[in-house]
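Here is my_file_3.txt, consisting of compact mmCIF, C-alpha atoms and all ligand atoms:
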```txt
# COMPACT_ATOMS: atom_id res chain seq x y z
CA MET A 406 0.00 0.00 0.00
CA ALA A 407 1.61 3.23 -1.16
CA ILE A 408 0.75 6.63 0.25
CA ASP A 409 0.24 9.25 -2.43
CA ALA A 410 -0.87 12.27 -0.39
CA VAL A 411 -1.10 13.36 3.25
CA GLY A 412 -2.99 16.27 4.75
CA ILE A 413 -4.19 17.82 7.96
CA THR A 414 -7.68 19.21 8.46
CA ARG A 415 -8.29 21.29 11.55
CA ILE A 416 -11.84 21.39 12.80
CA ALA A 417 -13.75 23.23 15.50
CA LEU A 418 -16.78 21.12 16.35
CA PRO A 419 -19.00 22.55 19.12
CA LEU A 420 -19.83 20.36 22.10
CA VAL A 421 -23.45 20.04 23.20
CA ARG A 422 -22.45 21.45 26.59
CA PRO A 423 -19.22 22.89 27.98
CA PHE A 424 -16.93 20.23 29.42
CA ARG A 425 -15.13 21.52 32.50
CA THR A 426 -12.43 19.56 34.26
CA SER A 427 -9.92 20.58 36.90
CA PHE A 428 -7.59 21.70 34.09
CA GLY A 429 -9.99 23.86 32.07
CA THR A 430 -13.16 24.14 30.03
CA GLN A 431 -13.72 22.92 26.49
CA THR A 432 -16.67 24.20 24.47
CA VAL A 433 -15.53 23.05 21.04
CA ARG A 434 -13.27 20.28 19.89
CA ASP A 435 -10.43 22.14 18.23
CA VAL A 436 -8.56 19.17 16.80
CA LEU A 437 -6.74 17.85 13.76
CA LEU A 438 -7.86 15.08 11.49
CA VAL A 439 -4.96 13.55 9.61
CA TRP A 440 -5.72 12.00 6.23
CA VAL A 441 -3.70 9.86 3.88
CA ARG A 442 -4.62 8.73 0.38
CA ASP A 443 -3.27 6.15 -2.03
CA ALA A 444 -2.93 6.61 -5.80
CA ASP A 445 -6.42 5.12 -6.36
CA GLY A 446 -7.91 7.75 -4.07
CA THR A 447 -8.69 5.39 -1.18
CA PRO A 448 -8.70 7.51 1.98
CA GLY A 449 -7.56 6.86 5.53
CA TRP A 450 -8.39 9.16 8.45
CA GLY A 451 -7.08 9.50 11.98
CA GLU A 452 -8.07 11.88 14.79
CA CYS A 453 -5.45 13.69 16.83
CA ALA A 454 -6.63 13.66 20.45
CA THR A 455 -5.32 16.99 21.71
CA THR A 456 -6.70 19.96 23.56
CA SER A 457 -6.06 23.56 22.41
CA ALA A 458 -3.62 24.23 25.25
CA PRO A 459 -1.22 21.78 26.95
CA LEU A 460 -3.35 21.46 30.09
CA TYR A 461 -4.23 17.77 30.10
CA ASP A 462 -0.92 16.38 28.87
CA PRO A 463 1.97 18.05 26.99
CA ASP A 464 0.30 17.71 23.58
CA PHE A 465 -1.75 20.56 22.12
CA THR A 466 -3.30 21.20 18.75
CA ASP A 467 -0.90 23.84 17.35
CA ALA A 468 2.11 21.76 18.36
CA ALA A 469 0.56 18.66 16.82
CA SER A 470 0.09 20.46 13.52
CA LEU A 471 3.69 21.64 13.51
CA VAL A 472 5.24 18.32 14.46
CA LEU A 473 3.15 16.43 11.92
CA HIS A 474 4.03 18.86 9.14
CA ASP A 475 7.72 19.36 9.89
CA HIS A 476 8.75 16.02 11.40
CA LEU A 477 6.35 13.10 11.58
CA VAL A 478 4.96 12.99 8.04
CA PRO A 479 8.37 13.64 6.41
CA ALA A 480 9.90 10.85 8.53
CA LEU A 481 7.07 8.48 7.68
CA LEU A 482 7.47 9.10 3.94
CA ALA A 483 11.27 9.06 4.09
CA GLY A 484 10.99 5.40 5.02
CA GLY A 485 9.29 4.79 1.66
CA THR A 486 5.72 5.54 0.65
CA THR A 487 4.81 1.88 1.06
CA VAL A 488 3.88 1.40 4.71
CA THR A 489 1.40 -0.49 6.88
CA GLY A 490 -0.20 0.48 10.19
CA PRO A 491 2.08 -1.65 12.36
CA GLN A 492 5.18 -0.12 10.71
CA VAL A 493 4.30 3.48 11.49
CA ALA A 494 5.34 3.53 15.14
CA ALA A 495 8.85 2.29 14.31
CA ARG A 496 9.34 5.03 11.71
CA LEU A 497 8.33 7.70 14.23
CA ALA A 498 10.03 6.19 17.28
CA ARG A 499 13.06 8.49 17.29
CA PHE A 500 10.88 11.51 18.01
CA ARG A 501 10.29 12.10 21.72
CA GLY A 502 6.78 12.61 22.96
CA HIS A 503 4.07 14.03 20.67
CA HIS A 504 2.01 10.94 21.26
CA ALA A 505 -1.34 12.24 20.00
CA PRO A 506 -0.09 13.27 16.53
CA LYS A 507 1.87 10.02 16.20
CA ALA A 508 -1.28 8.10 17.05
CA ALA A 509 -3.34 10.09 14.53
CA LEU A 510 -0.93 9.40 11.68
CA GLU A 511 -0.79 5.74 12.61
CA ALA A 512 -4.60 5.55 12.71
CA ALA A 513 -4.86 7.15 9.26
CA VAL A 514 -2.47 4.56 7.79
CA TRP A 515 -4.37 1.73 9.52
CA ASP A 516 -7.65 3.08 8.20
CA LEU A 517 -6.37 3.24 4.62
CA GLN A 518 -4.81 -0.21 4.84
CA LEU A 519 -8.01 -1.74 6.21
CA ARG A 520 -10.18 -0.01 3.61
CA ARG A 521 -7.98 -1.40 0.86
CA ALA A 522 -8.31 -4.88 2.37
CA ASP A 523 -12.07 -4.37 2.84
CA ARG A 524 -11.63 -5.31 6.49
CA CYS A 525 -12.75 -3.66 9.72
CA LEU A 526 -10.42 -2.93 12.60
CA ALA A 527 -12.37 -5.08 15.05
CA ASP A 528 -11.99 -8.18 12.85
CA HIS A 529 -8.34 -7.38 12.34
CA LEU A 530 -7.82 -7.21 16.12
CA GLY A 531 -9.75 -10.43 16.66
CA VAL A 532 -12.56 -8.71 18.56
CA THR A 533 -15.51 -11.03 19.05
CA ARG A 534 -17.74 -8.79 21.18
CA THR A 535 -20.52 -7.19 19.20
CA HIS A 536 -21.07 -4.36 21.71
CA VAL A 537 -19.00 -2.62 24.37
CA PRO A 538 -20.40 -1.54 27.76
CA THR A 539 -20.36 2.21 28.03
CA GLY A 540 -20.10 4.85 30.70
CA VAL A 541 -20.26 8.61 30.55
CA SER A 542 -17.80 11.25 31.73
CA VAL A 543 -19.53 14.28 33.21
CA GLY A 544 -17.82 17.66 33.53
CA ILE A 545 -18.11 20.10 36.41
CA PRO A 546 -21.31 22.02 35.66
CA GLU A 547 -21.63 25.78 35.91
CA GLY A 548 -24.65 25.24 38.20
CA GLY A 549 -22.74 23.09 40.71
CA VAL A 550 -24.06 20.04 42.53
CA ASP A 551 -27.76 20.46 41.62
CA GLU A 552 -27.04 20.68 37.93
CA LEU A 553 -24.67 17.71 38.16
CA VAL A 554 -27.36 15.56 39.78
CA GLU A 555 -29.78 16.55 37.03
CA GLN A 556 -27.29 15.79 34.26
CA VAL A 557 -26.37 12.43 35.76
CA GLY A 558 -30.07 11.56 36.06
CA GLY A 559 -30.46 12.27 32.35
CA TYR A 560 -27.52 10.04 31.42
CA LEU A 561 -28.80 7.22 33.65
CA ASP A 562 -32.19 7.49 31.94
CA GLU A 563 -30.40 7.11 28.60
CA GLY A 564 -28.90 3.88 29.90
CA TYR A 565 -25.24 4.63 30.61
CA LEU A 566 -23.84 1.83 32.77
CA ARG A 567 -21.52 3.89 34.93
CA VAL A 568 -20.91 7.52 35.64
CA LYS A 569 -17.58 9.28 35.99
CA VAL A 570 -17.65 12.76 37.42
CA LYS A 571 -14.86 15.27 37.26
CA ILE A 572 -13.68 16.55 40.61
CA GLU A 573 -11.31 19.24 41.82
CA PRO A 574 -10.47 20.66 45.25
CA GLY A 575 -13.67 22.35 46.41
CA PHE A 576 -15.92 20.22 44.18
CA ASP A 577 -15.42 16.66 45.35
CA LEU A 578 -17.11 15.30 48.47
CA ALA A 579 -20.32 17.29 48.11
CA PRO A 580 -21.12 16.16 44.54
CA VAL A 581 -20.16 12.54 45.28
CA ARG A 582 -22.34 12.42 48.39
CA ALA A 583 -25.24 14.09 46.57
CA LEU A 584 -25.04 11.55 43.74
CA CYS A 585 -24.91 8.63 46.18
CA ASP A 586 -27.86 10.02 48.16
CA THR A 587 -29.91 10.60 45.02
CA PHE A 588 -29.17 7.46 43.02
CA GLY A 589 -28.35 4.99 45.78
CA ALA A 590 -26.10 1.97 45.87
CA ASP A 591 -26.94 0.87 42.30
CA LEU A 592 -25.05 3.79 40.83
CA ARG A 593 -21.67 2.73 39.49
CA LEU A 594 -19.79 5.94 40.24
CA GLN A 595 -16.15 6.91 39.77
CA VAL A 596 -14.30 10.22 39.91
CA ASP A 597 -11.55 11.76 37.79
CA ALA A 598 -9.35 14.48 39.31
CA ASN A 599 -7.07 15.07 36.31
CA ALA A 600 -4.10 15.46 38.65
CA ALA A 601 -5.65 18.30 40.68
CA TYR A 602 -4.68 17.06 44.17
CA SER A 603 -1.35 17.42 45.89
CA PRO A 604 0.11 14.64 48.03
CA GLU A 605 1.82 17.42 50.02
CA ASP A 606 -1.46 19.08 50.99
CA PRO A 607 -3.02 17.62 54.19
CA GLU A 608 -6.44 18.99 53.27
CA HIS A 609 -6.32 17.22 49.92
CA LEU A 610 -5.27 13.99 51.61
CA GLY A 611 -8.19 14.40 54.02
CA VAL A 612 -10.64 14.74 51.13
CA LEU A 613 -9.19 11.67 49.43
CA ALA A 614 -9.54 9.71 52.69
CA ASP A 615 -13.20 10.76 52.94
CA LEU A 616 -13.83 9.88 49.28
CA ASP A 617 -12.43 6.44 50.07
CA GLU A 618 -15.51 5.86 52.26
CA CYS A 619 -17.92 6.52 49.37
CA GLY A 620 -17.72 3.12 47.64
CA LEU A 621 -16.45 4.48 44.34
CA VAL A 622 -15.63 2.08 41.52
CA GLN A 623 -12.28 3.84 41.16
CA ILE A 624 -10.54 7.15 41.54
CA GLU A 625 -8.74 8.35 38.43
CA GLN A 626 -5.47 10.30 38.51
CA PRO A 627 -5.68 12.18 41.80
CA PHE A 628 -2.03 13.37 41.63
CA GLY A 629 0.33 14.59 38.91
CA ALA A 630 1.37 12.35 36.06
CA ASP A 631 4.90 11.79 37.41
CA ARG A 632 3.85 11.04 41.02
CA LEU A 633 3.92 7.25 40.88
CA ARG A 634 5.22 6.94 44.46
CA ALA A 635 2.47 9.19 45.82
CA HIS A 636 -0.16 7.13 44.03
CA ALA A 637 1.35 3.93 45.44
CA ASP A 638 1.22 5.37 48.97
CA LEU A 639 -2.42 6.38 48.46
CA ALA A 640 -3.25 2.91 47.12
CA ASP A 641 -1.74 1.40 50.27
CA ARG A 642 -4.14 3.23 52.52
CA SER A 643 -7.26 3.12 50.29
CA HIS A 644 -9.98 0.59 49.53
CA THR A 645 -10.88 2.45 46.35
CA PRO A 646 -8.94 1.19 43.33
CA ILE A 647 -6.57 3.78 41.87
CA CYS A 648 -6.80 4.26 38.10
CA LEU A 649 -4.10 6.13 36.21
CA ASP A 650 -4.72 8.08 33.02
CA GLU A 651 -2.18 10.92 32.51
CA SER A 652 0.61 8.84 34.10
CA ILE A 653 0.34 5.99 31.59
CA THR A 654 2.28 7.35 28.62
CA ASP A 655 3.48 4.04 27.19
CA ARG A 656 3.74 0.31 27.91
CA TRP A 657 6.78 0.67 30.15
CA ARG A 658 5.15 3.31 32.31
CA ALA A 659 2.16 0.99 32.62
CA VAL A 660 4.44 -1.85 33.71
CA ASP A 661 6.19 0.37 36.27
CA ALA A 662 2.94 1.84 37.59
CA VAL A 663 1.38 -1.56 38.13
CA ALA A 664 4.56 -3.16 39.52
CA THR A 665 5.11 -0.38 42.05
CA GLY A 666 1.51 -0.51 43.26
CA ALA A 667 0.68 2.98 41.96
CA CYS A 668 -2.10 1.73 39.75
CA ASP A 669 -4.82 -0.90 40.17
CA ILE A 670 -6.63 -0.12 36.93
CA VAL A 671 -5.26 1.28 33.66
CA ASN A 672 -7.12 3.81 31.51
CA ILE A 673 -5.97 3.20 27.92
CA LYS A 674 -6.17 6.08 25.46
CA VAL A 675 -4.72 5.53 22.02
CA GLY A 676 -3.63 9.15 21.64
CA ARG A 677 -1.97 9.52 25.03
CA VAL A 678 0.16 6.39 24.56
CA GLY A 679 1.23 7.20 21.00
CA GLY A 680 -0.93 4.90 18.93
CA LEU A 681 -2.84 1.69 18.50
CA THR A 682 0.29 -0.48 18.51
CA GLU A 683 1.26 0.85 21.94
CA ALA A 684 -2.32 0.63 23.22
CA LEU A 685 -2.46 -3.03 22.17
CA ALA A 686 0.84 -3.72 23.93
CA ILE A 687 -0.51 -2.22 27.16
CA HIS A 688 -3.72 -4.21 26.82
CA ASP A 689 -1.84 -7.47 26.25
CA ARG A 690 0.44 -6.99 29.24
CA CYS A 691 -2.45 -6.02 31.52
CA LEU A 692 -4.50 -8.98 30.34
CA ALA A 693 -1.56 -11.29 31.04
CA ASP A 694 -1.02 -10.02 34.59
CA GLY A 695 -4.70 -9.58 35.46
CA THR A 696 -4.74 -5.76 35.60
CA PRO A 697 -8.17 -4.45 34.56
CA VAL A 698 -8.21 -1.86 31.78
CA TRP A 699 -10.85 0.35 30.26
CA CYS A 700 -10.96 2.65 27.26
CA GLY A 701 -10.69 6.35 28.02
CA GLY A 702 -11.79 9.12 25.71
CA MET A 703 -10.87 12.62 24.57
CA LEU A 704 -14.34 13.69 23.43
CA GLU A 705 -13.54 12.22 20.03
CA THR A 706 -15.59 12.65 16.87
CA GLY A 707 -16.66 9.46 15.14
CA VAL A 708 -13.22 9.25 13.50
CA GLY A 709 -11.45 8.67 16.80
CA ARG A 710 -14.42 6.88 18.36
CA GLY A 711 -14.32 4.10 15.76
CA VAL A 712 -10.82 3.14 16.88
CA ASN A 713 -11.72 3.42 20.57
CA VAL A 714 -14.81 1.24 20.30
CA ALA A 715 -12.98 -1.47 18.33
CA LEU A 716 -10.14 -1.46 20.86
CA ALA A 717 -12.61 -1.62 23.77
CA GLY A 718 -13.91 -4.88 22.32
CA LEU A 719 -10.72 -6.71 23.37
CA PRO A 720 -10.99 -9.09 26.34
CA GLY A 721 -8.86 -7.08 28.80
CA PHE A 722 -11.35 -4.19 28.70
CA VAL A 723 -13.39 -5.39 31.65
CA LEU A 724 -14.83 -2.03 32.78
CA PRO A 725 -17.21 0.28 30.88
CA GLY A 726 -15.34 2.83 28.74
CA ASP A 727 -15.70 6.53 28.07
CA THR A 728 -16.94 5.38 24.68
CA SER A 729 -20.22 7.28 24.84
CA ALA A 730 -22.68 7.85 22.02
CA SER A 731 -22.07 10.70 19.56
CA SER A 732 -25.08 12.55 20.96
CA ARG A 733 -23.37 12.91 24.35
CA TYR A 734 -20.81 15.17 22.67
CA PHE A 735 -22.23 16.69 19.48
CA THR A 736 -25.52 17.77 17.96
CA GLU A 737 -24.28 16.09 14.81
CA ASP A 738 -21.12 14.00 14.62
CA LEU A 739 -18.76 14.31 11.63
CA THR A 740 -19.40 10.66 10.82
CA GLU A 741 -22.46 8.46 11.03
CA PRO A 742 -23.31 8.55 14.73
CA PHE A 743 -22.37 6.01 17.38
CA GLU A 744 -25.49 5.19 19.35
CA LEU A 745 -26.24 3.83 22.79
CA GLU A 746 -28.22 0.58 22.80
CA ASP A 747 -29.05 -0.73 26.23
CA GLY A 748 -25.95 0.85 27.75
CA HIS A 749 -23.68 -0.45 25.00
CA VAL A 750 -22.18 0.88 21.76
CA ALA A 751 -22.02 -1.44 18.75
CA VAL A 752 -18.61 -2.42 17.43
CA ARG A 753 -18.43 -1.29 13.82
CA ARG A 754 -18.01 -4.03 11.24
CA GLU A 755 -17.56 -1.93 8.09
CA ALA A 756 -14.22 -1.59 6.31
CA GLY A 757 -11.64 0.69 7.87
CA ALA A 758 -10.60 1.69 11.37
CA SER A 759 -13.48 4.16 11.73
CA PRO A 760 -16.33 5.66 9.71
CA LEU A 761 -15.44 8.35 7.17
CA PRO A 762 -16.27 11.99 7.93
CA ASP A 763 -19.22 13.28 5.95
CA PRO A 764 -17.75 15.74 3.37
CA ASP A 765 -20.39 18.45 3.89
CA ARG A 766 -20.23 18.35 7.68
CA LEU A 767 -16.46 18.25 7.55
CA ALA A 768 -16.42 21.31 5.27
CA ALA A 769 -18.81 23.13 7.60
CA TRP A 770 -16.56 22.68 10.66
CA THR A 771 -13.12 22.95 9.03
CA THR A 772 -11.00 25.89 10.22
CA ALA A 773 -7.77 25.15 8.31
CA THR A 774 -6.32 22.65 5.86
CA ARG A 775 -2.72 21.76 5.11
CA ARG A 776 -1.13 19.41 2.62
CA VAL A 777 1.99 17.75 3.93
CA GLY A 778 4.99 16.18 2.19
O1 LIG B 801 -9.28 12.76 31.79
O2 LIG B 801 -10.41 11.29 30.83
C1 LIG B 801 -10.01 12.45 30.87
C2 LIG B 801 -11.65 14.49 28.10
C3 LIG B 801 -10.61 15.27 27.69
C4 LIG B 801 -9.40 15.18 28.36
C5 LIG B 801 -9.25 14.27 29.41
C6 LIG B 801 -10.29 13.45 29.79
C7 LIG B 801 -11.53 13.59 29.16
C8 LIG B 801 -12.72 12.84 29.54
C9 LIG B 801 -13.77 12.65 28.50
O3 LIG B 801 -12.93 12.45 30.67
C10 LIG B 801 -14.02 11.23 28.17
C11 LIG B 801 -14.88 11.09 26.92
O4 LIG B 801 -14.35 11.17 25.81
O5 LIG B 801 -16.07 10.90 27.07
MG MG B 802 -8.94 11.02 32.94
```

Using structure tokens, write down the structure from this file.
Amino acid sequence: MAIDAVGITRIALPLVRPFRTSFGTQTVRDVLLVWVRDADGTPGWGECATTSAPLYDPDFTDAASLVLHDHLVPALLAGGTTVTGPQVAARLARFRGHHAPKAALEAAVWDLQLRRADRCLADHLGVTRTHVPTGVSVGIPEGGVDELVEQVGGYLDEGYLRVKVKIEPGFDLAPVRALCDTFGADLRLQVDANAAYSPEDPEHLGVLADLDECGLVQIEQPFGADRLRAHADLADRSHTPICLDESITDRWRAVDAVATGACDIVNIKVGRVGGLTEALAIHDRCLADGTPVWCGGMLETGVGRGVNVALAGLPGFVLPGDTSASSRYFTEDLTEPFELEDGHVAVRREAGASPLPDPDRLAAWTTATRRVG
């Protein structure tokens, strides 16, 4: 399979409601879609899971555009225009970091390769599940606890199987207690701090100790990405399983985090770890040593969601993912929508890694285009 053209399309797709986390608020998804094309015109698309500013992890959209244009795409093509999905990571390996753009380029090549072979990603990965159990990640609402309870009620009515709420110092115990009081013991509830707590702050440690009494399914990334020791110490004194997101940047960090007791559960995001190849490696190791994993999300459009949902079909994904329906994010997705059916999202069985963006909707939300190489 030979790549004939590569490009970057930047979009700004509005979210149905602002998504506030401890690191900031997103109202639109300002992201890149990377496309590749072969000489016959067969396309491949990949979504670059960044935020506009480097607030979640070091990647951000402007940097991703630059590194793709100046470094990643030239290095990919310098290895020869004939390339397959599994070969991409090796060609990009000498570049440090920039995991989300690497993952996007890899996904685009996978998508093209699978389209040419008339094969879907799930079949290629050996996924036998037809549907993946799905949760929903709920931001910190403008209206505080009352609005959160109302939003969560709406998502539970839609059928989501578990709820993850974003917390930060000052918005943690009260919302968790209100949700438990309102929805009772049946609610599968977890929290995500996005690294907002400090292991040096006694008040923060007090809140985490109180949260530990709330019967949460897990607590995600209370401390900074590099604080493996602090997470291990917290795990030692908690009943609540510790899940790491930002800390898990590749397979070796996953190995270290699990081995040192910093992490009971791994959140796998294809973008954060640098691509599908790396995500699969993390999955395989966790499956082998019995560490539960689940599929995280970055508010992806259907282009990124296709990859996530296929990945989440693998056997190590034993907890519901942030693989919500398109309608949870967008009035209208760029692709055909992913829908919630009885708390699950169907694994796509059409050719490619993900559905293609609709040309008219793509044109409507495009803010910039670039040809590369
Ligand atoms: O920490 O999991 C996170 C979105 C953007 C950046 C970081 C995170 C998130 C989410 C959303 O929680 C998950 C989703 O895509 O539904
Ligand atoms: Mg997270």

Kindly give the distance, in Å, that separates atom CA of Gly629 of chain A and atom CA of Gly544 of chain A, rounded to a single decimal. 19.2 Å

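Between Ala773 of chain A and the residues A:Gly702, A:Gly490, A:Gly757, A:Gly412, the shortest atom-to-atom distance, using all atoms listed in the file, involves A:Gly412.
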
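Here the question is which of A:Thr706, A:Gly726, A:Pro491, A:Asp562 gets nearest to Leu519 of chain A using only C-alpha atoms, and that residue is A:Pro491.
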
Show me which residues are within 10 Å of ligand LIG 801 (chain B) counting only C-alpha atoms and all ligand atoms, and format the list as a PyMOL selection string. chain A and resi 424-431+434+454-456+460-462+539-544+569-571+596-600+625-626+649-651+672-674+677+700-706+709-710+713+726-731+733-734

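Across the structure, atom CA of Val708 of chain A and atom CA of Thr489 of chain A are spaced 18.8 Å apart.
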
Please determine, counting only C-alpha atoms and all ligand atoms, which residue among A:Arg690, A:Gly695, A:Ile624, A:Gly502 has the shortest atom-to-atom distance to ligand MG 802 (chain B). A:Ile624

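The residue that comes closest to Thr736 of chain A, out of A:Leu420, A:Val554, A:Met406, A:Tyr560 and on the basis of only C-alpha atoms, is A:Leu420.
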
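Restricting the calculation to all atoms listed in the file, the smallest distance between Ala768 of chain A and any of A:Leu482, A:Arg501, A:Ala458, A:Ile416 is found for A:Ile416.
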
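For the atom pair formed by atom CA of Ser759 of chain A and atom CA of Phe722 of chain A, the distance is 19.0 Å, given to one decimal.
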
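Among the candidates A:Ala590, A:Leu584, A:Leu724, A:Ile572, the one nearest to ligand MG 802 (chain B) when counting all atoms listed in the file is A:Ile572.
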
Spatial neighbours of Ile647 of chain A, 8 Å, all atoms listed in the file, chain gap at least 3 places, as a list of chain:residue names: A:Gln623, A:Ile624, A:Glu625, A:Gln626, A:His636, A:Ala640, A:Ala667, A:Cys668, A:Asp669, A:Ile670

Select all residues near (-17.7, 1.4, 47.8) (cut-off 10 Å, inclusive, file coordinates), counting only C-alpha atoms, and output them as a VMD selection string. chain A and resid 590 593 to 595 616 to 623 644 to 646

Save the residues we just selected, C-alpha atoms, as an mmCIF file, in the coordinates of the input?
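Okay, this is what ended up in again20.cif:
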```cif
data_model
loop_
_atom_site.group_PDB
_atom_site.id
_atom_site.type_symbol
_atom_site.label_atom_id
_atom_site.label_comp_id
_atom_site.auth_asym_id
_atom_site.auth_seq_id
_atom_site.Cartn_x
_atom_site.Cartn_y
_atom_site.Cartn_z
ATOM 1 C CA ALA A 590 -26.100 1.970 45.870
ATOM 2 C CA ARG A 593 -21.670 2.730 39.490
ATOM 3 C CA LEU A 594 -19.790 5.940 40.240
ATOM 4 C CA GLN A 595 -16.150 6.910 39.770
ATOM 5 C CA LEU A 616 -13.830 9.880 49.280
ATOM 6 C CA ASP A 617 -12.430 6.440 50.070
ATOM 7 C CA GLU A 618 -15.510 5.860 52.260
ATOM 8 C CA CYS A 619 -17.920 6.520 49.370
ATOM 9 C CA GLY A 620 -17.720 3.120 47.640
ATOM 10 C CA LEU A 621 -16.450 4.480 44.340
ATOM 11 C CA VAL A 622 -15.630 2.080 41.520
ATOM 12 C CA GLN A 623 -12.280 3.840 41.160
ATOM 13 C CA HIS A 644 -9.980 0.590 49.530
ATOM 14 C CA THR A 645 -10.880 2.450 46.350
ATOM 15 C CA PRO A 646 -8.940 1.190 43.330
#
```

Asp516 of chain A: which residues within 6 Å, counting all atoms listed in the file, same-chain residues fewer than 4 positions away excluded, as a PyMOL selection string? chain A and resi 449+512+757-758

Can those selected residues be exported to a file as an mmCIF file, in the coordinates of the input so that it contains C-alpha atoms?
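Written out: out-v1.cif:
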```cif
data_model
loop_
_atom_site.group_PDB
_atom_site.id
_atom_site.type_symbol
_atom_site.label_atom_id
_atom_site.label_comp_id
_atom_site.auth_asym_id
_atom_site.auth_seq_id
_atom_site.Cartn_x
_atom_site.Cartn_y
_atom_site.Cartn_z
ATOM 1 C CA GLY A 449 -7.560 6.860 5.530
ATOM 2 C CA ALA A 512 -4.600 5.550 12.710
ATOM 3 C CA GLY A 757 -11.640 0.690 7.870
ATOM 4 C CA ALA A 758 -10.600 1.690 11.370
#
```

Starting from the incomplete input, reconstruct all heavy atoms of segment 552-557 of chain A and report them as a PDB file, keeping the file's coordinate frame.
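Below is the file that was written, part-v4.pdb:
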```pdb
ATOM      1  N   GLU A 552     -27.045  20.922  39.376  1.00  0.00           N
ATOM      2  CA  GLU A 552     -27.040  20.680  37.930  1.00  0.00           C
ATOM      3  C   GLU A 552     -26.369  19.338  37.613  1.00  0.00           C
ATOM      4  O   GLU A 552     -26.797  18.621  36.693  1.00  0.00           O
ATOM      5  CB  GLU A 552     -26.325  21.834  37.208  1.00  0.00           C
ATOM      6  CG  GLU A 552     -26.527  21.785  35.700  1.00  0.00           C
ATOM      7  CD  GLU A 552     -25.805  22.912  34.966  1.00  0.00           C
ATOM      8  OE1 GLU A 552     -25.460  23.934  35.605  1.00  0.00           O
ATOM      9  OE2 GLU A 552     -25.577  22.748  33.756  1.00  0.00           O
ATOM     10  N   LEU A 553     -25.341  18.996  38.381  1.00  0.00           N
ATOM     11  CA  LEU A 553     -24.670  17.710  38.160  1.00  0.00           C
ATOM     12  C   LEU A 553     -25.648  16.558  38.376  1.00  0.00           C
ATOM     13  O   LEU A 553     -25.725  15.619  37.575  1.00  0.00           O
ATOM     14  CB  LEU A 553     -23.467  17.572  39.098  1.00  0.00           C
ATOM     15  CG  LEU A 553     -22.682  16.275  38.940  1.00  0.00           C
ATOM     16  CD1 LEU A 553     -21.942  16.229  37.611  1.00  0.00           C
ATOM     17  CD2 LEU A 553     -21.696  16.084  40.089  1.00  0.00           C
ATOM     18  N   VAL A 554     -26.396  16.635  39.472  1.00  0.00           N
ATOM     19  CA  VAL A 554     -27.360  15.560  39.780  1.00  0.00           C
ATOM     20  C   VAL A 554     -28.374  15.438  38.647  1.00  0.00           C
ATOM     21  O   VAL A 554     -28.719  14.326  38.211  1.00  0.00           O
ATOM     22  CB  VAL A 554     -28.052  15.839  41.139  1.00  0.00           C
ATOM     23  CG1 VAL A 554     -29.230  14.897  41.360  1.00  0.00           C
ATOM     24  CG2 VAL A 554     -27.030  15.717  42.281  1.00  0.00           C
ATOM     25  N   GLU A 555     -28.803  16.576  38.125  1.00  0.00           N
ATOM     26  CA  GLU A 555     -29.780  16.550  37.030  1.00  0.00           C
ATOM     27  C   GLU A 555     -29.157  15.931  35.768  1.00  0.00           C
ATOM     28  O   GLU A 555     -29.780  15.084  35.108  1.00  0.00           O
ATOM     29  CB  GLU A 555     -30.212  17.995  36.765  1.00  0.00           C
ATOM     30  CG  GLU A 555     -31.421  18.137  35.891  1.00  0.00           C
ATOM     31  CD  GLU A 555     -31.712  19.624  35.635  1.00  0.00           C
ATOM     32  OE1 GLU A 555     -31.742  20.393  36.620  1.00  0.00           O
ATOM     33  OE2 GLU A 555     -31.867  19.989  34.455  1.00  0.00           O
ATOM     34  N   GLN A 556     -27.941  16.342  35.455  1.00  0.00           N
ATOM     35  CA  GLN A 556     -27.290  15.790  34.260  1.00  0.00           C
ATOM     36  C   GLN A 556     -27.081  14.284  34.391  1.00  0.00           C
ATOM     37  O   GLN A 556     -27.341  13.525  33.450  1.00  0.00           O
ATOM     38  CB  GLN A 556     -25.931  16.465  34.026  1.00  0.00           C
ATOM     39  CG  GLN A 556     -26.044  17.878  33.478  1.00  0.00           C
ATOM     40  CD  GLN A 556     -24.676  18.480  33.146  1.00  0.00           C
ATOM     41  OE1 GLN A 556     -23.673  17.777  33.081  1.00  0.00           O
ATOM     42  NE2 GLN A 556     -24.637  19.781  32.922  1.00  0.00           N
ATOM     43  N   VAL A 557     -26.618  13.864  35.555  1.00  0.00           N
ATOM     44  CA  VAL A 557     -26.370  12.430  35.760  1.00  0.00           C
ATOM     45  C   VAL A 557     -27.683  11.654  35.637  1.00  0.00           C
ATOM     46  O   VAL A 557     -27.733  10.586  35.009  1.00  0.00           O
ATOM     47  CB  VAL A 557     -25.684  12.184  37.122  1.00  0.00           C
ATOM     48  CG1 VAL A 557     -25.701  10.702  37.496  1.00  0.00           C
ATOM     49  CG2 VAL A 557     -24.245  12.704  37.090  1.00  0.00           C
TER      50      VAL A 557
END
```
